[in-house]
$ cat upload-v8.cif   # mmCIF, C-alpha atoms
data_upload
loop_
_atom_site.label_atom_id
_atom_site.label_comp_id
_atom_site.auth_asym_id
_atom_site.auth_seq_id
_atom_site.Cartn_x
_atom_site.Cartn_y
_atom_site.Cartn_z
CA MET A 853 165.83 -14.10 80.28
CA ASN A 854 164.40 -10.96 81.84
CA SER A 855 167.00 -8.80 80.06
CA ASP A 856 166.10 -10.35 76.66
CA LYS A 857 162.41 -9.54 77.21
CA LYS A 858 163.30 -5.97 78.10
CA ARG A 859 165.45 -5.65 75.00
CA THR A 860 162.76 -7.05 72.70
CA SER A 861 160.13 -4.70 74.05
CA LEU A 862 162.54 -1.79 73.62
CA VAL A 863 163.17 -2.73 69.98
CA LEU A 864 159.45 -3.12 69.39
CA MET A 865 158.73 0.24 70.96
CA GLU A 866 161.42 1.81 68.83
CA LEU A 867 160.00 0.21 65.69
CA ILE A 868 156.52 1.50 66.52
CA ILE A 869 157.87 5.01 67.03
CA ALA A 870 159.91 4.77 63.82
CA ILE A 871 156.92 3.60 61.78
CA LEU A 872 154.73 6.34 63.25
CA PHE A 873 157.33 8.97 62.56
CA PHE A 874 157.90 7.59 59.06
CA SER A 875 154.15 7.64 58.30
CA ILE A 876 153.71 11.24 59.40
CA VAL A 877 156.72 12.62 57.54
CA SER A 878 156.17 10.51 54.41
CA ALA A 879 152.55 11.72 54.25
CA PHE A 880 153.85 15.28 54.40
CA CYS A 881 156.42 14.48 51.69
CA ALA A 882 153.77 12.81 49.53
CA LYS A 883 151.70 15.98 49.77
CA ILE A 884 154.69 18.05 48.65
CA PHE A 885 155.39 15.66 45.73
CA LEU A 886 151.73 15.74 44.68
CA THR A 887 151.61 19.55 44.84
CA ALA A 888 154.81 19.74 42.82
CA HIS A 889 153.40 17.32 40.21
CA LEU A 890 150.08 19.17 39.85
CA GLU A 891 151.75 22.56 39.64
CA SER A 892 154.24 21.21 37.13
CA GLU A 893 151.35 19.96 34.96
CA SER A 894 149.51 23.29 35.02
CA ASN A 895 152.80 25.07 34.39
CA ARG A 896 153.49 22.86 31.37
CA LYS A 897 150.04 23.69 29.99
CA LEU A 898 150.58 27.41 30.48
CA ALA A 899 153.96 27.24 28.73
CA GLU A 900 152.35 25.34 25.85
CA ALA A 901 149.52 27.88 25.67
CA VAL A 902 151.97 30.80 25.52
CA ILE A 903 153.98 29.20 22.71
CA GLU A 904 150.90 28.24 20.69
CA CYS A 905 149.25 31.66 21.12
CA GLN A 906 152.49 33.42 20.22
CA THR A 907 152.89 31.30 17.10
CA ALA A 908 149.30 31.94 16.01
CA MET A 909 149.59 35.67 16.75
CA GLU A 910 152.82 36.06 14.77
CA LEU A 911 151.34 34.22 11.80
CA ILE A 912 148.21 36.40 11.80
CA LEU A 913 150.19 39.63 12.27
CA ALA A 914 152.63 38.72 9.50
CA ASP A 915 149.69 37.98 7.23
CA ASP A 916 148.01 41.37 7.95
CA GLY A 917 145.12 39.81 9.84
CA LYS A 918 144.47 37.01 7.35
CA THR A 919 144.64 33.32 8.22
CA ASP A 920 146.21 31.77 5.10
CA GLU A 921 149.62 31.27 6.72
CA LEU A 922 147.96 30.08 9.92
CA ALA A 923 146.10 27.38 7.99
CA LYS A 924 149.42 25.98 6.75
CA ILE A 925 150.58 25.35 10.32
CA TYR A 926 147.16 24.44 11.74
CA PRO A 927 145.36 22.67 8.86
CA ASP A 928 142.28 21.79 11.00
CA ILE A 929 141.34 25.45 11.49
CA PHE A 930 137.68 26.28 10.86
CA LEU A 931 135.48 29.39 11.02
CA SER A 932 132.37 29.43 13.16
CA ASP A 933 130.31 32.54 14.02
CA ASN A 934 133.13 34.84 12.79
CA ILE A 935 135.53 33.22 15.24
CA TYR A 936 138.36 30.99 14.06
CA ASN A 937 138.69 27.73 15.95
CA ILE A 938 142.27 26.49 15.89
CA PRO A 939 142.66 22.95 17.27
CA VAL A 940 146.09 22.62 18.89
CA ASN A 941 145.85 18.99 20.01
CA GLU A 942 143.13 16.46 20.91
CA THR A 943 141.92 18.48 23.88
CA ASP A 944 143.13 22.08 23.53
CA TYR A 945 142.16 24.76 21.05
CA ILE A 946 142.55 28.47 20.37
CA LEU A 947 139.66 30.78 19.55
CA ALA A 948 140.81 33.67 17.35
CA LYS A 949 138.63 36.71 16.83
CA ILE A 950 139.86 39.01 14.07
CA THR A 951 138.05 42.27 13.37
CA PHE A 952 138.92 44.93 10.82
CA ALA A 953 138.26 48.63 11.41
CA ASP A 954 139.95 51.84 10.16
CA ASN A 955 142.83 50.02 8.48
CA MET A 956 143.50 48.13 11.70
CA ALA A 957 143.22 44.40 12.22
CA VAL A 958 142.37 43.71 15.86
CA ILE A 959 143.29 40.18 16.91
CA LYS A 960 142.21 38.46 20.11
CA LEU A 961 143.33 34.93 20.92
CA ASP A 962 141.96 32.77 23.75
CA TYR A 963 143.56 29.44 24.60
CA TYR A 964 141.10 26.86 25.92
CA SER A 965 142.01 23.68 27.73
CA ASP A 966 140.19 20.30 27.71
CA ASN A 967 137.79 21.44 30.46
CA ASN A 968 136.75 24.49 28.37
CA LEU A 969 138.67 26.78 30.67
CA CYS A 970 140.35 29.77 29.07
CA PHE A 971 143.66 30.19 30.84
CA TYR A 972 145.62 32.39 28.49
CA SER A 973 144.72 35.31 26.22
CA LEU A 974 146.64 37.50 23.84
CA GLU A 975 145.48 40.69 22.20
CA SER A 976 147.13 42.88 19.62
CA GLN A 977 146.48 44.91 16.51
CA LYS A 978 148.15 45.51 13.19
CA TYR A 979 148.04 48.53 10.92
CA ILE A 980 147.29 47.26 7.44
CA GLY A 981 147.31 50.59 5.63
CA GLY A 982 150.41 50.06 3.53
CA VAL A 983 153.44 50.05 5.78
CA ALA A 984 156.72 49.98 3.90
CA TYR A 985 159.50 48.06 5.62
CA GLU A 986 163.02 48.74 4.44
CA GLN A 987 164.66 45.59 3.11
CA MET B 562 182.91 -20.23 84.01
CA ASN B 563 181.05 -19.60 80.88
CA ASN B 564 182.74 -16.68 79.10
CA LYS B 565 181.06 -17.26 75.78
CA LYS B 566 179.23 -14.18 74.57
CA LYS B 567 175.64 -14.67 73.57
CA SER B 568 174.97 -13.97 69.91
CA SER B 569 172.81 -10.84 69.91
CA GLY B 570 170.98 -11.53 66.55
CA GLY B 571 168.14 -9.34 65.24
CA ILE B 572 168.28 -5.55 65.17
CA HIS B 573 170.24 -3.49 67.64
CA VAL B 574 168.37 -0.84 69.58
CA GLY B 575 168.59 2.46 67.67
CA THR B 576 169.39 1.01 64.25
CA SER B 577 165.87 1.34 62.87
CA ILE B 578 165.40 4.91 64.08
CA VAL B 579 168.70 5.97 62.51
CA LEU B 580 167.69 4.31 59.26
CA VAL B 581 164.25 5.94 59.30
CA ILE B 582 165.72 9.36 60.02
CA PHE B 583 168.16 8.96 57.13
CA VAL B 584 165.40 7.88 54.72
CA LEU B 585 163.11 10.68 55.84
CA LEU B 586 165.82 13.27 55.47
CA CYS B 587 166.41 12.05 51.91
CA LEU B 588 162.66 12.14 51.20
CA LEU B 589 162.30 15.64 52.62
CA THR B 590 165.29 16.88 50.66
CA PHE B 591 164.00 15.52 47.36
CA ALA B 592 160.46 16.76 48.02
CA THR B 593 161.75 20.25 48.82
CA LEU B 594 163.99 20.24 45.76
CA SER B 595 161.13 19.20 43.49
CA LEU B 596 158.92 21.94 44.92
CA ILE B 597 161.67 24.54 44.55
CA THR B 598 162.19 23.51 40.92
CA VAL B 599 158.47 23.67 40.16
CA GLN B 600 158.12 27.04 41.88
CA SER B 601 160.98 28.53 39.92
CA ASP B 602 159.53 27.03 36.71
CA ILE B 603 156.16 28.61 37.52
CA ASN B 604 157.78 31.99 38.18
CA LEU B 605 159.65 31.77 34.90
CA THR B 606 156.60 30.68 32.88
CA SER B 607 154.32 33.27 34.48
CA SER B 608 156.78 36.06 33.85
CA ALA B 609 157.24 34.84 30.26
CA ALA B 610 153.45 34.73 29.79
CA THR B 611 153.07 38.25 31.18
CA ARG B 612 155.94 39.52 29.05
CA VAL B 613 154.46 38.01 25.88
CA ARG B 614 151.06 39.51 26.68
CA SER B 615 152.48 42.97 27.41
CA TYR B 616 154.68 42.80 24.30
CA TYR B 617 151.66 42.24 22.04
CA ASN B 618 149.72 44.99 23.83
CA LEU B 619 152.69 47.24 23.26
CA TYR B 620 152.91 46.15 19.64
CA GLY B 621 149.21 46.98 19.20
CA GLN B 622 149.71 50.43 20.71
CA SER B 623 152.70 51.00 18.47
CA GLU B 624 150.71 49.97 15.40
CA PHE B 625 147.86 52.28 16.42
CA LEU B 626 150.32 55.16 16.71
CA LEU B 627 151.77 54.21 13.34
CA SER B 628 148.31 54.39 11.77
CA ASN B 629 147.87 57.91 13.15
CA ILE B 630 151.31 59.00 11.92
CA ASP B 631 150.49 57.54 8.51
CA ALA B 632 147.18 59.43 8.43
CA PHE B 633 148.94 62.67 9.42
CA LEU B 634 151.65 62.21 6.77
CA ASN B 635 149.03 61.38 4.17
CA GLU B 636 147.04 64.50 4.97
CA THR B 637 150.18 66.66 4.96
CA TYR B 638 151.40 65.12 1.70
CA ASN B 639 148.07 65.82 -0.02
CA SER B 640 147.93 69.42 1.20
CA SER B 641 151.57 70.30 0.44
CA ASP B 642 152.66 71.86 -2.84
CA ASN B 643 156.28 70.80 -2.61
CA GLY B 644 158.80 68.97 -0.48
CA ASP B 645 159.90 72.04 1.46
CA SER B 646 156.41 72.92 2.69
CA TYR B 647 155.80 69.21 3.44
CA TYR B 648 158.88 68.94 5.65
CA ASP B 649 158.13 72.33 7.27
CA VAL B 650 154.68 71.13 8.40
CA ILE B 651 156.17 67.86 9.61
CA SER B 652 158.86 69.55 11.69
CA ASP B 653 156.26 71.95 13.15
CA LYS B 654 153.45 69.57 13.95
CA LEU B 655 154.48 65.90 13.85
CA GLU B 656 155.92 65.58 17.36
CA ASP B 657 152.92 67.41 18.88
CA THR B 658 150.50 65.22 16.92
CA ILE B 659 152.19 62.03 18.14
CA ASN B 660 152.21 63.24 21.75
CA THR B 661 148.54 64.28 21.54
CA VAL B 662 147.45 60.91 20.13
CA ALA B 663 149.49 59.08 22.77
CA GLN B 664 147.97 61.21 25.52
CA ASN B 665 144.40 60.73 24.26
CA GLU B 666 144.81 56.96 23.99
CA SER B 667 146.81 56.62 27.25
CA ILE B 668 149.84 55.34 25.38
CA ASN B 669 153.09 55.83 27.25
CA ILE B 670 155.56 57.24 24.76
CA GLU B 671 159.13 58.47 25.18
CA ASN B 672 161.85 60.15 23.13
CA VAL B 673 159.68 61.44 20.30
CA LYS B 674 162.17 63.12 18.03
CA TYR B 675 162.14 64.28 14.45
CA SER B 676 165.45 65.25 12.90
CA GLU B 677 165.15 67.78 10.09
CA ASP B 678 168.65 67.01 8.83
CA THR B 679 168.15 63.30 8.29
CA ASN B 680 164.31 63.24 8.11
CA LEU B 681 164.37 60.49 10.72
CA LEU B 682 161.48 60.14 13.15
CA THR B 683 162.18 58.15 16.33
CA TYR B 684 159.90 57.26 19.21
CA THR B 685 159.62 54.56 21.88
CA VAL B 686 156.31 53.15 23.05
CA VAL B 687 156.82 52.10 26.66
CA PHE B 688 154.94 49.76 28.97
CA ASP B 689 156.17 48.18 32.18
CA ASN B 690 159.95 48.54 31.64
CA LYS B 691 159.66 47.31 28.06
CA GLY B 692 159.44 49.32 24.91
CA ILE B 693 159.24 49.21 21.15
CA LEU B 694 161.63 51.59 19.46
CA VAL B 695 160.47 52.78 16.06
CA THR B 696 162.69 54.66 13.66
CA MET B 697 161.36 55.73 10.29
CA LYS B 698 162.76 57.77 7.46
CA LEU B 699 160.21 60.21 6.11
CA LYS B 700 160.20 61.11 2.43
CA TYR B 701 158.22 63.30 0.08
CA LEU B 702 156.89 60.39 -1.96
CA PRO B 703 153.49 58.65 -2.14
CA ASP B 704 154.64 55.85 0.18
CA LYS B 705 155.77 58.59 2.65
CA TYR B 706 158.17 56.63 4.86
CA ASP B 707 160.44 53.62 5.31
CA ILE B 708 160.55 51.84 8.64
CA ILE B 709 164.22 51.48 9.49
CA ALA B 710 163.93 50.05 12.99
CA TYR B 711 161.04 48.41 14.80
CA LYS B 712 162.55 46.64 17.74
CA SER B 713 161.90 45.63 21.30
CA VAL B 714 164.03 47.43 23.89
CA ASN B 715 164.43 47.26 27.65
CA THR B 716 163.68 50.63 29.25
CA SER B 717 164.27 49.58 32.86
CA LYS B 718 166.84 51.55 34.79
CA ASP B 719 166.43 49.59 38.04
CA GLU B 720 168.47 46.67 39.26
CA VAL B 721 166.79 43.33 40.02
CA THR B 722 165.32 43.25 43.55
CA PHE B 723 164.00 40.26 45.49
CA THR B 724 160.29 40.36 46.27
CA ASP B 725 157.94 38.36 48.52
CA ASP B 726 156.72 36.15 45.68
CA MET B 727 160.21 34.70 45.41
CA LYS B 728 159.83 33.06 48.85
CA LEU B 729 159.10 29.32 49.09
CA ASP B 730 156.27 28.27 51.42
CA LEU B 731 156.47 24.56 52.24
CA PHE B 732 153.43 24.53 54.54
CA TYR B 733 150.68 25.80 52.28
#

$ encode --input "upload-v8.cif" --output "structure tokens"
Amino acid sequence: MNSDKKRTSLVLMELIIAILFFSIVSAFCAKIFLTAHLESESNRKLAEAVIECQTAMELILADDGKTDELAKIYPDIFLSDNIYNIPVNETDYILAKITFADNMAVIKLDYYSDNNLCFYSLESQKYIGGVAYEQ
Amino acid sequence: MNNKKKSSGGIHVGTSIVLVIFVLLCLLTFATLSLITVQSDINLTSSAATRVRSYYNLYGQSEFLLSNIDAFLNETYNSSDNGDSYYDVISDKLEDTINTVAQNESINIENVKYSEDTNLLTYTVVFDNKGILVTMKLKYLPDKYDIIAYKSVNTSKDEVTFTDDMKLDLFY
């Protein structure tokens, strides 16, 4: 009878220690999983921003600084205060500033997220003074 | 004489702790693996983002240089009486002009070379181990040149080395 009591209390003690240990380590693991998830989300957004900006930049460069080709891919594009607003999806958009000076088209793209935070920018220029590419 | 063994029933001492340790080891392994994957994804995406940005900066610099070369060729073409004098001025001054423009605009440029035999001008605009190699064939005609090559090249001579940002910090 006495031995059974001893055994039960030992098992209970072990269970308490196991649960405590489990709680501590699982909390630590949960933190790691959460960090991984959040970083993965921001990483996905950055990758999307890079692809969208690159696409927009290539279209503008190929079109010598014009936006006709761009409008075929992004039909919702609109001009406001000399800055093109290119909606990418429901929340994200690209602001494209194109200026022309001395036969150069200077293009600056800023990718904005849903919280109006610019987290990627691209800048380039194109000489539009009659370059002849060999076919 | 009662030799019958009592049925123990319930959990044996030590079973639960072994089980918990096993589960926690699995959890820790998967958590670490997910973090390692995300970290390597972040490194890859960040380096891709930086590379794309520096490529377009490089492209812009290359285009700026091209505009200056075009202006120089235009001026030379208008002031030359014939093809011989045109090519003479080009072989005398073109390389210096390109180097001066690059120096004034802080453009890193390498291997500027004009070949009188083939009338080929070659230069590489370099930034951060990457470069754009431009090859153009000059001609004594109103359109002045044909661009033969305009391609991205790797100018790095170093081998890949491991840096501190490649470490994984689990306790941040």

$ residues_around --input "upload-v8.cif" --residues "segment 884-893 of chain A" --least-positions-apart "4" --cutoff "7 Å" --atoms "all atoms listed in the file" --output "MDAnalysis selection string"
(chainID A and resid 880 897) or (chainID B and resid 592 595:596 599)

$ closest_atom_pairs --input "upload-v8.cif" --of "chain B" --to "chain A" --cutoff "7 Å" --atoms "all atoms listed in the file" --output "Markdown table"
| residue | atom | partner | partner_atom | distance |
| --- | --- | --- | --- | --- |
| B:Val574 | CA | A:Val863 | CA | 5.5 |
| B:Ser577 | CA | A:Leu867 | CA | 6.6 |
| B:Ile578 | CA | A:Ala870 | CA | 5.5 |
| B:Val581 | CA | A:Ala870 | CA | 6.4 |
| B:Leu585 | CA | A:Phe874 | CA | 6.9 |
| B:Leu588 | CA | A:Cys881 | CA | 6.7 |
| B:Leu589 | CA | A:Cys881 | CA | 6.1 |
| B:Ala592 | CA | A:Phe885 | CA | 5.7 |
| B:Ser595 | CA | A:Ala888 | CA | 6.4 |
| B:Leu596 | CA | A:Ala888 | CA | 5.1 |
| B:Val599 | CA | A:Ser892 | CA | 5.8 |
| B:Ile603 | CA | A:Asn895 | CA | 5.8 |
| B:Thr606 | CA | A:Ala899 | CA | 6.0 |
| B:Ala610 | CA | A:Val902 | CA | 6.0 |
| B:Arg614 | CA | A:Leu974 | CA | 5.6 |
| B:Tyr617 | CA | A:Ser976 | CA | 5.2 |
| B:Asn618 | CA | A:Ser976 | CA | 5.4 |
| B:Tyr620 | CA | A:Ser976 | CA | 6.6 |
| B:Gly621 | CA | A:Gln977 | CA | 4.4 |
| B:Glu624 | CA | A:Tyr979 | CA | 5.4 |
| B:Phe625 | CA | A:Tyr979 | CA | 6.7 |
| B:Ser628 | CA | A:Tyr979 | CA | 5.9 |
| B:Tyr706 | CA | A:Ala984 | CA | 6.9 |
| B:Asp707 | CA | A:Ala984 | CA | 5.4 |
| B:Ile708 | CA | A:Tyr985 | CA | 5.0 |
| B:Ile709 | CA | A:Glu986 | CA | 5.9 |

$ atom_distance --input "upload-v8.cif" --atom1 "atom CA of Leu586 of chain B" --atom2 "atom CA of His573 of chain B"
21.2 Å

$ resolve_selection --input "upload-v8.cif" --expression "the PyMOL selection byres ((chain B and resi 668) around 10)" --output "compact mmCIF listing (two decimals) with C-alpha atoms, in the frame of the given file"
# COMPACT_ATOMS: atom_id res chain seq x y z
CA LEU B 619 152.69 47.24 23.26
CA GLN B 622 149.71 50.43 20.71
CA SER B 623 152.70 51.00 18.47
CA PHE B 625 147.86 52.28 16.42
CA LEU B 626 150.32 55.16 16.71
CA ASN B 660 152.21 63.24 21.75
CA THR B 661 148.54 64.28 21.54
CA VAL B 662 147.45 60.91 20.13
CA ALA B 663 149.49 59.08 22.77
CA GLN B 664 147.97 61.21 25.52
CA ASN B 665 144.40 60.73 24.26
CA GLU B 666 144.81 56.96 23.99
CA SER B 667 146.81 56.62 27.25
CA ASN B 669 153.09 55.83 27.25
CA ILE B 670 155.56 57.24 24.76
CA GLU B 671 159.13 58.47 25.18
CA VAL B 686 156.31 53.15 23.05
CA VAL B 687 156.82 52.10 26.66
CA PHE B 688 154.94 49.76 28.97

$ atom_distance --input "upload-v8.cif" --atom1 "atom CA of Asp649 of chain B" --atom2 "atom CA of Tyr675 of chain B"
11.5 Å

$ axis_aligned_box --input "upload-v8.cif" --around "segment 943-955 of chain A" --padding-each-side "6 Å" --output "JSON"
{"center_x": 140.6, "center_y": 35.2, "center_z": 16.2, "size_x": 17.1, "size_y": 45.4, "size_z": 27.4}

$ atom_distance --input "upload-v8.cif" --atom1 "atom CA of Asn680 of chain B" --atom2 "atom CA of Gly644 of chain B"
11.7 Å

$ residues_near_point --input "upload-v8.cif" --point "(149.5, 61.9, 4.0)" --cutoff "12 Å" --atoms "all atoms listed in the file" --output "list of chain:residue names"
A:Gly981, A:Gly982, B:Ser628, B:Asn629, B:Ile630, B:Asp631, B:Ala632, B:Phe633, B:Leu634, B:Asn635, B:Glu636, B:Thr637, B:Tyr638, B:Asn639, B:Ser640, B:Ser641, B:Tyr647, B:Tyr648, B:Val650, B:Ile651, B:Leu655, B:Leu699, B:Lys700, B:Tyr701, B:Leu702, B:Pro703, B:Asp704, B:Lys705, B:Tyr706

$ residues_around --input "upload-v8.cif" --residues "Leu931 of chain A" --least-positions-apart "3" --cutoff "10 Å" --atoms "all atoms listed in the file" --output "PyMOL selection string"
chain A and resi 934-938+947-949

$ residues_near_point --input "upload-v8.cif" --point "(151.3, 31.8, 10.8)" --cutoff "12 Å" --atoms "only C-alpha atoms" --output "VMD selection string"
chain A and resid 904 to 927 929 938

$ residues_around --input "upload-v8.cif" --residues "Thr696 of chain B" --least-positions-apart "4" --cutoff "6 Å" --atoms "only C-alpha atoms" --output "list in words"
Leu682, Thr683, Ile709 and Ala710 of chain B

$ residues_around --input "upload-v8.cif" --residues "Cys970 of chain A" --least-positions-apart "4" --cutoff "10 Å" --atoms "only C-alpha atoms" --output "PyMOL selection string"
chain A and resi 901+944-947+962-966

$ decode --input "upload-v8.cif" --residues "segment 893-903 of chain A" --atoms "all heavy atoms" --output "compact mmCIF listing (two decimals), in the first residue's frame"
# COMPACT_ATOMS: atom_id res chain seq x y z
N GLU A 893 6.79 35.60 -44.75
CA GLU A 893 5.80 36.50 -45.37
C GLU A 893 6.47 37.74 -45.95
O GLU A 893 6.20 38.14 -47.09
CB GLU A 893 4.77 36.93 -44.32
CG GLU A 893 3.59 35.99 -44.20
CD GLU A 893 2.82 35.84 -45.49
OE1 GLU A 893 2.27 36.84 -45.97
OE2 GLU A 893 2.80 34.71 -46.04
N SER A 894 7.36 38.36 -45.15
CA SER A 894 8.02 39.58 -45.63
C SER A 894 8.96 39.25 -46.79
O SER A 894 9.11 40.05 -47.72
CB SER A 894 8.75 40.31 -44.50
OG SER A 894 9.89 39.59 -44.14
N ASN A 895 9.53 38.06 -46.74
CA ASN A 895 10.42 37.62 -47.82
C ASN A 895 9.63 37.41 -49.12
O ASN A 895 10.07 37.81 -50.19
CB ASN A 895 11.10 36.32 -47.40
CG ASN A 895 12.14 35.90 -48.38
OD1 ASN A 895 12.97 36.69 -48.78
ND2 ASN A 895 12.10 34.65 -48.78
N ARG A 896 8.43 36.84 -48.97
CA ARG A 896 7.57 36.61 -50.13
C ARG A 896 7.19 37.95 -50.78
O ARG A 896 7.18 38.09 -51.99
CB ARG A 896 6.31 35.86 -49.71
CG ARG A 896 5.41 35.39 -50.84
CD ARG A 896 4.14 34.80 -50.31
NE ARG A 896 3.37 35.72 -49.48
CZ ARG A 896 2.62 36.72 -49.95
NH1 ARG A 896 2.54 36.94 -51.24
NH2 ARG A 896 1.97 37.51 -49.12
N LYS A 897 6.90 38.94 -49.91
CA LYS A 897 6.53 40.26 -50.43
C LYS A 897 7.69 40.92 -51.16
O LYS A 897 7.50 41.57 -52.19
CB LYS A 897 6.07 41.16 -49.28
CG LYS A 897 4.67 40.85 -48.82
CD LYS A 897 3.99 42.07 -48.29
CE LYS A 897 2.50 41.94 -48.44
NZ LYS A 897 1.80 43.20 -48.24
N LEU A 898 8.89 40.76 -50.59
CA LEU A 898 10.07 41.35 -51.24
C LEU A 898 10.32 40.70 -52.60
O LEU A 898 10.58 41.39 -53.59
CB LEU A 898 11.31 41.20 -50.34
CG LEU A 898 12.62 41.74 -50.90
CD1 LEU A 898 12.53 43.25 -51.13
CD2 LEU A 898 13.79 41.44 -49.99
N ALA A 899 10.19 39.38 -52.65
CA ALA A 899 10.40 38.66 -53.91
C ALA A 899 9.38 39.12 -54.95
O ALA A 899 9.72 39.34 -56.12
CB ALA A 899 10.28 37.16 -53.67
N GLU A 900 8.14 39.31 -54.50
CA GLU A 900 7.08 39.77 -55.40
C GLU A 900 7.38 41.18 -55.89
O GLU A 900 7.23 41.48 -57.08
CB GLU A 900 5.76 39.76 -54.62
CG GLU A 900 4.52 39.77 -55.50
CD GLU A 900 3.28 39.71 -54.63
OE1 GLU A 900 3.07 38.68 -53.98
OE2 GLU A 900 2.53 40.71 -54.61
N ALA A 901 7.85 42.03 -54.96
CA ALA A 901 8.18 43.41 -55.31
C ALA A 901 9.30 43.46 -56.35
O ALA A 901 9.23 44.24 -57.31
CB ALA A 901 8.59 44.18 -54.07
N VAL A 902 10.31 42.61 -56.17
CA VAL A 902 11.45 42.60 -57.11
C VAL A 902 10.96 42.19 -58.50
O VAL A 902 11.29 42.85 -59.50
CB VAL A 902 12.55 41.62 -56.61
CG1 VAL A 902 13.64 41.46 -57.67
CG2 VAL A 902 13.16 42.10 -55.32
N ILE A 903 10.14 41.15 -58.56
CA ILE A 903 9.66 40.66 -59.86
C ILE A 903 8.79 41.72 -60.55
O ILE A 903 8.95 42.01 -61.73
CB ILE A 903 8.89 39.34 -59.69
CG1 ILE A 903 9.87 38.23 -59.30
CG2 ILE A 903 8.15 38.95 -60.96
CD1 ILE A 903 9.22 36.95 -58.86
